[in-house]
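**Q** Quick one: the structure is below, and I'll ask about it shortly.
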Amino acid sequence: MNHLLMDIESPAAMAGRPGIPRISFMGPMGVGKTTAIRALCGDDMVSSDVPNLDRAAHAKAFTTVGAEFGEIDLGGGERVQVCGCPGQDRFDFLRQWVLSVSVGVFVMVDVHAADAVAATGALLSEVAAVEHPPLALVLSARPASPAQMQAFATGLQAAGHGVVPVLPVDVRQRAQVLQALGVLVSMLSLGTENV
């Protein structure tokens with residue numbers, strides 16, 4: 001990944017610190033956004049988890065109520081910031097801000113969820129509505145067979161979202177999340193070459 005980030009420039013996306021690109025994570029509550037950021041950053045992340053008072057919506061003990069933040073040293077002087085968005089709709093204003101200052105976004109999904117295609121489609125539309133939309137890549141955060149992954153990707157395409165890369169990732173495994181980050185950075189670098 002070294003030196004791939006240096007060519008990524010988007011003034012709207014560099015609001016954090018000049019020269020440091022920001023990648024965001026978004027998806028429904030409980031899909032693993034905090035886990036992915038913790039896998040990348042360890043304890044060197046800012047978390048906004050609080051006890052979950054809405055157990056009817058999700059049974060997990062804690063939930064995110066603000067933007068989560070971390071920074072990754074890629075070596076060779078290159079760094080990338082990562083930012084997680086809360087999954088609840090009542091925090092859509094925060095998601096919009098995070099997306100507006102991001103060059104790339106991981107849209108996380110459980111492809112087994114009954115509404116996976118519709119929910120992911122809504123999130124992709126939310127990304128596309130940003131003035132300077134970040135590049136989106138979908139992460140399947142739960143184990144799925146190649147046939148299930150293909151059916152999900154085909155469903156997204158049939159719903160009018162075009163060809164969107166969908167990668168299977170165990171968000172608990174730093175190496176797998178870094179590999180997905182490498183794919184996103186490569187896509188971003190290719191995009192800047194075509195401008």
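Every chain in the structure tokens has a letter given in the order shown (A, B, ...), and although residue numbers restart at 1 in each chain, ligands are simply numbered from 1 in the order shown.
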Which residues, written as a list of chain:residue names, have at least one atom at most 9 Å from Arg142 (chain A), with only C-alpha atoms counted and residues fewer than 3 positions away on the same chain left out?
**A**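 Listing them by chain and then by number gives A:Val31, A:Val109, A:Asp110, A:Val111, A:His112, A:Leu139, A:Pro168, A:Val169, A:Asp170, A:Val171.
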**Q** Residues of the last selection are to be written out with C-alpha atoms, as a PDB file, in the first residue's frame.
**A**
```pdb
ATOM      1  CA  VAL A  31     -22.610  -5.235  11.700  1.00  0.00           C
ATOM      2  CA  VAL A 109     -23.452  -5.606   5.393  1.00  0.00           C
ATOM      3  CA  ASP A 110     -24.606  -9.036   6.476  1.00  0.00           C
ATOM      4  CA  VAL A 111     -25.581 -10.572   3.118  1.00  0.00           C
ATOM      5  CA  HIS A 112     -27.818 -13.052   4.981  1.00  0.00           C
ATOM      6  CA  LEU A 139     -17.782  -5.479   2.862  1.00  0.00           C
ATOM      7  CA  PRO A 168     -15.881 -10.963   2.240  1.00  0.00           C
ATOM      8  CA  VAL A 169     -13.996  -9.799   5.351  1.00  0.00           C
ATOM      9  CA  ASP A 170     -13.724 -11.095   8.894  1.00  0.00           C
ATOM     10  CA  VAL A 171     -13.725  -7.691  10.602  1.00  0.00           C
TER      11      VAL A 171
END
```
**Q** List every residue of region 8-192 of chain A that DSSP, applied to the backbone of this structure, assigns to alpha helix (DSSP H), and report them as a count of residues only.
**A** 61
**Q** Mind giving me the straight-line distance from CA of His161 (chain A) to CA of Gln176 (chain A) in Å, one decimal?
**A**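 Interatomic distance here is 25.1 Å.
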**Q** Neighbours of Leu137 (chain A) within 9 Å (only C-alpha atoms; same-chain residues fewer than 6 positions away dropped), as number ranges by chain?
**A** A: 104-108, 164-167, 180, 183-184
**Q** Hey, can you spit out that residue selection with N, CA and C atoms as a compact mmCIF listing (two decimals), in the first residue's frame?
**A**
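Below is the file out-v8.txt, written as the result:
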```
# COMPACT_ATOMS: atom_id res chain seq x y z
N GLY A 104 -13.04 7.61 0.82
CA GLY A 104 -13.55 6.27 0.57
C GLY A 104 -14.42 5.81 1.72
N VAL A 105 -15.31 4.87 1.43
CA VAL A 105 -16.20 4.36 2.46
C VAL A 105 -16.39 2.85 2.27
N PHE A 106 -16.34 2.15 3.39
CA PHE A 106 -16.72 0.74 3.42
C PHE A 106 -18.17 0.68 3.87
N VAL A 107 -19.03 0.16 3.01
CA VAL A 107 -20.44 -0.07 3.37
C VAL A 107 -20.49 -1.52 3.83
N MET A 108 -20.73 -1.71 5.13
CA MET A 108 -20.70 -3.04 5.71
C MET A 108 -22.10 -3.65 5.77
N VAL A 164 -20.75 -2.95 -8.06
CA VAL A 164 -20.13 -2.48 -6.82
C VAL A 164 -19.29 -3.63 -6.27
N PRO A 165 -17.99 -3.40 -6.05
CA PRO A 165 -17.18 -4.48 -5.47
C PRO A 165 -17.71 -4.90 -4.11
N VAL A 166 -17.80 -6.22 -3.90
CA VAL A 166 -18.23 -6.77 -2.62
C VAL A 166 -17.16 -7.76 -2.17
N LEU A 167 -16.55 -7.48 -1.02
CA LEU A 167 -15.49 -8.33 -0.49
C LEU A 167 -15.93 -9.01 0.80
N ALA A 180 -8.66 -5.33 2.64
CA ALA A 180 -9.78 -4.58 2.05
C ALA A 180 -9.40 -3.11 1.88
N VAL A 183 -7.40 -2.76 -1.22
CA VAL A 183 -8.24 -2.76 -2.43
C VAL A 183 -8.86 -1.38 -2.64
N LEU A 184 -9.40 -0.80 -1.57
CA LEU A 184 -10.02 0.52 -1.68
C LEU A 184 -9.00 1.58 -2.09
```
